[in-house]
$ cat final24.pdb   # PDB, C-alpha atoms, pLDDT in the B column
ATOM      1  CA  MET A   1     -29.141  37.600 -12.097  1.00 65.00           C
ATOM      2  CA  PRO A   2     -28.186  36.821  -8.521  1.00 79.00           C
ATOM      3  CA  ASN A   3     -27.404  33.149  -9.289  1.00 78.00           C
ATOM      4  CA  LEU A   4     -25.031  33.740 -12.208  1.00 78.00           C
ATOM      5  CA  ARG A   5     -21.608  32.158 -11.757  1.00 75.00           C
ATOM      6  CA  ILE A   6     -18.756  32.547 -14.212  1.00 79.00           C
ATOM      7  CA  ILE A   7     -16.367  29.606 -14.150  1.00 77.00           C
ATOM      8  CA  TYR A   8     -12.972  30.672 -15.456  1.00 79.00           C
ATOM      9  CA  ASP A   9     -10.678  27.900 -14.187  1.00 80.00           C
ATOM     10  CA  SER A  10     -11.226  24.424 -15.621  1.00 82.00           C
ATOM     11  CA  ALA A  11      -9.867  21.714 -13.326  1.00 83.00           C
ATOM     12  CA  VAL A  12     -10.251  19.213 -16.178  1.00 83.00           C
ATOM     13  CA  ASP A  13      -7.588  21.115 -18.131  1.00 82.00           C
ATOM     14  CA  ARG A  14      -5.093  20.042 -15.445  1.00 84.00           C
ATOM     15  CA  ALA A  15      -6.283  16.403 -15.334  1.00 86.00           C
ATOM     16  CA  THR A  16      -3.828  13.745 -16.454  1.00 86.00           C
ATOM     17  CA  GLY A  17      -6.326  10.938 -16.770  1.00 86.00           C
ATOM     18  CA  VAL A  18      -9.999  10.149 -17.047  1.00 90.00           C
ATOM     19  CA  SER A  19     -12.050   6.980 -16.950  1.00 91.00           C
ATOM     20  CA  ALA A  20     -15.738   6.306 -17.468  1.00 93.00           C
ATOM     21  CA  SER A  21     -18.088   3.607 -16.241  1.00 94.00           C
ATOM     22  CA  ASN A  22     -19.122   2.808 -19.821  1.00 93.00           C
ATOM     23  CA  GLY A  23     -18.685   4.037 -23.366  1.00 91.00           C
ATOM     24  CA  ALA A  24     -19.508   3.386 -26.996  1.00 92.00           C
ATOM     25  CA  ALA A  25     -16.876   2.057 -29.393  1.00 93.00           C
ATOM     26  CA  GLY A  26     -15.133   4.811 -31.350  1.00 93.00           C
ATOM     27  CA  PHE A  27     -15.789   7.491 -28.700  1.00 92.00           C
ATOM     28  CA  PRO A  28     -12.884   7.241 -26.238  1.00 92.00           C
ATOM     29  CA  THR A  29     -13.196   8.699 -22.756  1.00 90.00           C
ATOM     30  CA  SER A  30     -10.079  10.833 -23.361  1.00 88.00           C
ATOM     31  CA  ASN A  31     -12.178  12.995 -25.696  1.00 87.00           C
ATOM     32  CA  VAL A  32     -13.615  14.836 -22.673  1.00 85.00           C
ATOM     33  CA  LEU A  33     -10.124  16.274 -22.046  1.00 84.00           C
ATOM     34  CA  ASN A  34     -10.177  18.445 -25.187  1.00 81.00           C
ATOM     35  CA  ASP A  35     -11.949  21.616 -26.327  1.00 79.00           C
ATOM     36  CA  TYR A  36     -13.164  20.313 -29.681  1.00 83.00           C
ATOM     37  CA  LYS A  37     -16.928  20.067 -30.035  1.00 82.00           C
ATOM     38  CA  GLY A  38     -16.568  17.307 -32.631  1.00 85.00           C
ATOM     39  CA  LYS A  39     -14.623  14.961 -30.312  1.00 87.00           C
ATOM     40  CA  VAL A  40     -17.011  13.518 -27.760  1.00 87.00           C
ATOM     41  CA  HIS A  41     -17.438  10.606 -25.395  1.00 87.00           C
ATOM     42  CA  ARG A  42     -20.686   8.709 -25.821  1.00 88.00           C
ATOM     43  CA  SER A  43     -22.085   6.554 -23.043  1.00 87.00           C
ATOM     44  CA  VAL A  44     -23.971   3.329 -23.496  1.00 90.00           C
ATOM     45  CA  GLY A  45     -27.327   3.496 -21.724  1.00 85.00           C
ATOM     46  CA  THR A  46     -28.738   6.354 -19.691  1.00 84.00           C
ATOM     47  CA  SER A  47     -25.986   7.009 -17.147  1.00 86.00           C
ATOM     48  CA  VAL A  48     -22.225   7.316 -16.931  1.00 88.00           C
ATOM     49  CA  SER A  49     -19.767   8.108 -14.115  1.00 91.00           C
ATOM     50  CA  TYR A  50     -16.478   9.887 -14.827  1.00 89.00           C
ATOM     51  CA  THR A  51     -13.365   9.655 -12.656  1.00 90.00           C
ATOM     52  CA  PHE A  52     -10.606  12.232 -13.191  1.00 88.00           C
ATOM     53  CA  SER A  53      -7.048  12.081 -11.825  1.00 87.00           C
ATOM     54  CA  TRP A  54      -4.407  14.759 -11.388  1.00 86.00           C
ATOM     55  CA  ALA A  55      -0.628  14.317 -11.355  1.00 85.00           C
ATOM     56  CA  ASP A  56       0.103  16.101  -8.085  1.00 78.00           C
ATOM     57  CA  GLY A  57      -2.144  13.810  -6.033  1.00 72.00           C
ATOM     58  CA  GLU A  58      -3.727  16.758  -4.254  1.00 76.00           C
ATOM     59  CA  PRO A  59      -7.524  16.967  -4.151  1.00 79.00           C
ATOM     60  CA  GLU A  60      -9.138  19.440  -6.552  1.00 81.00           C
ATOM     61  CA  VAL A  61     -11.886  21.714  -5.286  1.00 81.00           C
ATOM     62  CA  ILE A  62     -14.756  21.757  -7.778  1.00 82.00           C
ATOM     63  CA  GLY A  63     -17.020  24.816  -7.627  1.00 80.00           C
ATOM     64  CA  GLY A  64     -19.401  23.789 -10.392  1.00 82.00           C
ATOM     65  CA  VAL A  65     -19.985  21.341 -13.200  1.00 82.00           C
ATOM     66  CA  VAL A  66     -20.770  22.406 -16.768  1.00 80.00           C
ATOM     67  CA  ILE A  67     -21.698  19.981 -19.521  1.00 78.00           C
ATOM     68  CA  PRO A  68     -21.421  21.980 -22.770  1.00 76.00           C
ATOM     69  CA  ALA A  69     -22.816  20.845 -26.114  1.00 74.00           C
ATOM     70  CA  CYS A  70     -24.747  18.012 -24.497  1.00 76.00           C
ATOM     71  CA  ASN A  71     -28.061  16.508 -25.511  1.00 75.00           C
ATOM     72  CA  LEU A  72     -29.373  15.241 -22.196  1.00 74.00           C
ATOM     73  CA  THR A  73     -32.678  13.463 -22.648  1.00 70.00           C
ATOM     74  CA  ALA A  74     -35.219  12.071 -20.218  1.00 62.00           C
TER
END
$ encode --input "final24.pdb" --output "structure tokens"
Amino acid sequence: MPNLRIIYDSAVDRATGVSASNGAAGFPTSNVLNDYKGKVHRSVGTSVSYTFSWADGEPEVIGGVVIPACNLTA
């Protein structure tokens, strides 16, 4: 598996805030900052943009994006 990458450091765990371009009532955007599979953010429509912020103001280098427990549909 030459393309396997193990991501061990979650930049989202250090995030102090998150916002989304849209969302359904009862599914707050802050739910993406936890590890519980039952607490989710649900978008309205077929696309959503997330913006994360960190307290130190320094840019975070992101090496990959993983969307676990997600039901992406066409």
$ atom_distance --input "final24.pdb" --atom1 "CA of Thr46 (chain A)" --atom2 "CA of Leu72 (chain A)"
9.3 Å
$ resolve_selection --input "final24.pdb" --expression "the PyMOL selection byres ((chain A and resi 10) around 12)" --output "PDB file with C-alpha atoms, in the coordinates of the input"
ATOM      1  CA  ILE A   6     -18.756  32.547 -14.212  1.00 79.00           C
ATOM      2  CA  ILE A   7     -16.367  29.606 -14.150  1.00 77.00           C
ATOM      3  CA  TYR A   8     -12.972  30.672 -15.456  1.00 79.00           C
ATOM      4  CA  ASP A   9     -10.678  27.900 -14.187  1.00 80.00           C
ATOM      5  CA  ALA A  11      -9.867  21.714 -13.326  1.00 83.00           C
ATOM      6  CA  VAL A  12     -10.251  19.213 -16.178  1.00 83.00           C
ATOM      7  CA  ASP A  13      -7.588  21.115 -18.131  1.00 82.00           C
ATOM      8  CA  ARG A  14      -5.093  20.042 -15.445  1.00 84.00           C
ATOM      9  CA  ALA A  15      -6.283  16.403 -15.334  1.00 86.00           C
ATOM     10  CA  LEU A  33     -10.124  16.274 -22.046  1.00 84.00           C
ATOM     11  CA  ASN A  34     -10.177  18.445 -25.187  1.00 81.00           C
ATOM     12  CA  ASP A  35     -11.949  21.616 -26.327  1.00 79.00           C
ATOM     13  CA  GLU A  60      -9.138  19.440  -6.552  1.00 81.00           C
ATOM     14  CA  VAL A  61     -11.886  21.714  -5.286  1.00 81.00           C
ATOM     15  CA  ILE A  62     -14.756  21.757  -7.778  1.00 82.00           C
ATOM     16  CA  GLY A  63     -17.020  24.816  -7.627  1.00 80.00           C
ATOM     17  CA  GLY A  64     -19.401  23.789 -10.392  1.00 82.00           C
ATOM     18  CA  VAL A  65     -19.985  21.341 -13.200  1.00 82.00           C
ATOM     19  CA  VAL A  66     -20.770  22.406 -16.768  1.00 80.00           C
TER      20      VAL A  66
END
$ resolve_selection --input "final24.pdb" --expression "the PyMOL selection byres ((chain A and resi 23) around 8)" --output "NGL selection string"
:A and (20-22 or 24-25 or 27-29 or 41-44)
$ closest_residue --input "final24.pdb" --among "A:Ser19, A:Pro2, A:Ser30, A:Gly38" --to "Pro68 (chain A)" --atoms "only C-alpha atoms"
A:Gly38
$ atom_distance --input "final24.pdb" --atom1 "CA of Pro59 (chain A)" --atom2 "CA of Asn71 (chain A)"
29.6 Å
$ atom_distance --input "final24.pdb" --atom1 "CA of Glu58 (chain A)" --atom2 "CA of Leu4 (chain A)"
28.4 Å
$ resolve_selection --input "final24.pdb" --expression "the PyMOL selection byres ((chain A and resi 53) around 6)" --output "list of chain:residue names"
A:Ala15, A:Thr16, A:Gly17, A:Phe52, A:Trp54
$ closest_residue --input "final24.pdb" --among "A:Ala69, A:Arg5, A:Lys37, A:Val18" --to "Tyr50 (chain A)" --atoms "only C-alpha atoms"
A:Val18
$ decode --input "final24.pdb" --residues "region 8-52 of chain A" --atoms "N, CA and C atoms" --output "mmCIF file, in the first residue's frame"
data_model
loop_
_atom_site.group_PDB
_atom_site.id
_atom_site.type_symbol
_atom_site.label_atom_id
_atom_site.label_comp_id
_atom_site.auth_asym_id
_atom_site.auth_seq_id
_atom_site.Cartn_x
_atom_site.Cartn_y
_atom_site.Cartn_z
ATOM 1 N N TYR A 8 -2.156 11.013 12.666
ATOM 2 C CA TYR A 8 -2.160 10.809 14.116
ATOM 3 C C TYR A 8 -2.358 12.096 14.893
ATOM 4 N N ASP A 9 -2.300 13.248 14.233
ATOM 5 C CA ASP A 9 -2.431 14.531 14.911
ATOM 6 C C ASP A 9 -3.618 15.277 14.315
ATOM 7 N N SER A 10 -4.675 15.440 15.085
ATOM 8 C CA SER A 10 -5.873 16.110 14.594
ATOM 9 C C SER A 10 -5.812 17.603 14.919
ATOM 10 N N ALA A 11 -5.692 18.422 13.891
ATOM 11 C CA ALA A 11 -5.664 19.872 14.086
ATOM 12 C C ALA A 11 -6.995 20.383 14.622
ATOM 13 N N VAL A 12 -8.084 19.691 14.321
ATOM 14 C CA VAL A 12 -9.402 20.100 14.806
ATOM 15 C C VAL A 12 -9.480 19.993 16.329
ATOM 16 N N ASP A 13 -8.734 19.068 16.916
ATOM 17 C CA ASP A 13 -8.727 18.945 18.375
ATOM 18 C C ASP A 13 -8.202 20.209 19.045
ATOM 19 N N ARG A 14 -7.380 20.980 18.352
ATOM 20 C CA ARG A 14 -6.839 22.224 18.899
ATOM 21 C C ARG A 14 -7.666 23.447 18.516
ATOM 22 N N ALA A 15 -8.684 23.277 17.684
ATOM 23 C CA ALA A 15 -9.503 24.404 17.219
ATOM 24 C C ALA A 15 -10.347 24.951 18.362
ATOM 25 N N THR A 16 -10.492 26.268 18.379
ATOM 26 C CA THR A 16 -11.311 26.917 19.402
ATOM 27 C C THR A 16 -12.675 27.316 18.869
ATOM 28 N N GLY A 17 -12.828 27.303 17.566
ATOM 29 C CA GLY A 17 -14.107 27.672 16.987
ATOM 30 C C GLY A 17 -14.303 27.082 15.613
ATOM 31 N N VAL A 18 -15.546 26.943 15.232
ATOM 32 C CA VAL A 18 -15.892 26.428 13.911
ATOM 33 C C VAL A 18 -17.183 27.091 13.459
ATOM 34 N N SER A 19 -17.259 27.359 12.171
ATOM 35 C CA SER A 19 -18.508 27.862 11.597
ATOM 36 C C SER A 19 -18.758 27.122 10.287
ATOM 37 N N ALA A 20 -20.009 27.097 9.875
ATOM 38 C CA ALA A 20 -20.389 26.405 8.653
ATOM 39 C C ALA A 20 -21.254 27.326 7.800
ATOM 40 N N SER A 21 -21.227 27.086 6.498
ATOM 41 C CA SER A 21 -22.000 27.924 5.585
ATOM 42 C C SER A 21 -23.499 27.681 5.709
ATOM 43 N N ASN A 22 -23.899 26.516 6.190
ATOM 44 C CA ASN A 22 -25.313 26.239 6.428
ATOM 45 C C ASN A 22 -25.439 25.070 7.387
ATOM 46 N N GLY A 23 -26.625 24.863 7.906
ATOM 47 C CA GLY A 23 -26.838 23.760 8.834
ATOM 48 C C GLY A 23 -28.299 23.578 9.176
ATOM 49 N N ALA A 24 -28.655 22.360 9.526
ATOM 50 C CA ALA A 24 -30.027 22.039 9.905
ATOM 51 C C ALA A 24 -30.246 22.344 11.380
ATOM 52 N N ALA A 25 -31.451 22.726 11.731
ATOM 53 C CA ALA A 25 -31.795 23.017 13.122
ATOM 54 C C ALA A 25 -31.614 21.765 13.977
ATOM 55 N N GLY A 26 -31.035 21.929 15.154
ATOM 56 C CA GLY A 26 -30.834 20.814 16.067
ATOM 57 C C GLY A 26 -29.519 20.080 15.869
ATOM 58 N N PHE A 27 -28.726 20.492 14.885
ATOM 59 C CA PHE A 27 -27.423 19.877 14.609
ATOM 60 C C PHE A 27 -26.368 20.974 14.560
ATOM 61 N N PRO A 28 -25.940 21.488 15.715
ATOM 62 C CA PRO A 28 -25.029 22.628 15.734
ATOM 63 C C PRO A 28 -23.664 22.304 15.130
ATOM 64 N N THR A 29 -23.051 23.312 14.557
ATOM 65 C CA THR A 29 -21.743 23.162 13.925
ATOM 66 C C THR A 29 -20.686 22.720 14.938
ATOM 67 N N SER A 30 -20.832 23.096 16.185
ATOM 68 C CA SER A 30 -19.848 22.722 17.220
ATOM 69 C C SER A 30 -19.760 21.209 17.406
ATOM 70 N N ASN A 31 -20.717 20.461 16.909
ATOM 71 C CA ASN A 31 -20.662 19.002 17.033
ATOM 72 C C ASN A 31 -19.491 18.385 16.265
ATOM 73 N N VAL A 32 -18.922 19.078 15.297
ATOM 74 C CA VAL A 32 -17.773 18.509 14.583
ATOM 75 C C VAL A 32 -16.498 18.575 15.427
ATOM 76 N N LEU A 33 -16.542 19.265 16.562
ATOM 77 C CA LEU A 33 -15.371 19.369 17.436
ATOM 78 C C LEU A 33 -15.320 18.269 18.497
ATOM 79 N N ASN A 34 -16.160 17.247 18.391
ATOM 80 C CA ASN A 34 -16.139 16.177 19.385
ATOM 81 C C ASN A 34 -15.857 14.830 18.718
ATOM 82 N N ASP A 35 -15.671 13.805 19.524
ATOM 83 C CA ASP A 35 -15.364 12.467 19.030
ATOM 84 C C ASP A 35 -16.555 11.526 19.092
ATOM 85 N N TYR A 36 -17.732 12.034 19.364
ATOM 86 C CA TYR A 36 -18.905 11.182 19.517
ATOM 87 C C TYR A 36 -19.608 10.993 18.173
ATOM 88 N N LYS A 37 -19.784 9.756 17.781
ATOM 89 C CA LYS A 37 -20.412 9.460 16.499
ATOM 90 C C LYS A 37 -21.871 9.900 16.459
ATOM 91 N N GLY A 38 -22.522 9.969 17.603
ATOM 92 C CA GLY A 38 -23.925 10.347 17.667
ATOM 93 C C GLY A 38 -24.175 11.846 17.595
ATOM 94 N N LYS A 39 -23.137 12.671 17.782
ATOM 95 C CA LYS A 39 -23.288 14.123 17.700
ATOM 96 C C LYS A 39 -22.713 14.578 16.366
ATOM 97 N N VAL A 40 -23.580 15.035 15.487
ATOM 98 C CA VAL A 40 -23.164 15.367 14.132
ATOM 99 C C VAL A 40 -23.640 16.761 13.744
ATOM 100 N N HIS A 41 -23.064 17.284 12.693
ATOM 101 C CA HIS A 41 -23.562 18.494 12.055
ATOM 102 C C HIS A 41 -24.188 18.061 10.734
ATOM 103 N N ARG A 42 -25.362 18.544 10.460
ATOM 104 C CA ARG A 42 -26.056 18.183 9.222
ATOM 105 C C ARG A 42 -26.231 19.449 8.379
ATOM 106 N N SER A 43 -25.801 19.365 7.137
ATOM 107 C CA SER A 43 -25.953 20.517 6.246
ATOM 108 C C SER A 43 -27.323 20.504 5.588
ATOM 109 N N VAL A 44 -27.697 21.650 5.102
ATOM 110 C CA VAL A 44 -28.940 21.791 4.343
ATOM 111 C C VAL A 44 -28.521 21.913 2.876
ATOM 112 N N GLY A 45 -28.981 21.014 2.041
ATOM 113 C CA GLY A 45 -28.581 21.018 0.641
ATOM 114 C C GLY A 45 -27.448 20.040 0.395
ATOM 115 N N THR A 46 -26.727 20.265 -0.693
ATOM 116 C CA THR A 46 -25.703 19.295 -1.102
ATOM 117 C C THR A 46 -24.275 19.754 -0.863
ATOM 118 N N SER A 47 -24.072 20.920 -0.258
ATOM 119 C CA SER A 47 -22.701 21.353 0.007
ATOM 120 C C SER A 47 -22.647 22.192 1.283
ATOM 121 N N VAL A 48 -21.479 22.161 1.901
ATOM 122 C CA VAL A 48 -21.250 22.960 3.105
ATOM 123 C C VAL A 48 -19.765 23.304 3.155
ATOM 124 N N SER A 49 -19.443 24.493 3.653
ATOM 125 C CA SER A 49 -18.055 24.919 3.851
ATOM 126 C C SER A 49 -17.838 25.166 5.332
ATOM 127 N N TYR A 50 -16.761 24.583 5.874
ATOM 128 C CA TYR A 50 -16.418 24.764 7.283
ATOM 129 C C TYR A 50 -15.235 25.717 7.400
ATOM 130 N N THR A 51 -15.268 26.562 8.419
ATOM 131 C CA THR A 51 -14.153 27.451 8.736
ATOM 132 C C THR A 51 -13.772 27.220 10.193
ATOM 133 N N PHE A 52 -12.523 26.814 10.423
ATOM 134 C CA PHE A 52 -12.022 26.557 11.770
ATOM 135 C C PHE A 52 -11.095 27.683 12.188
#
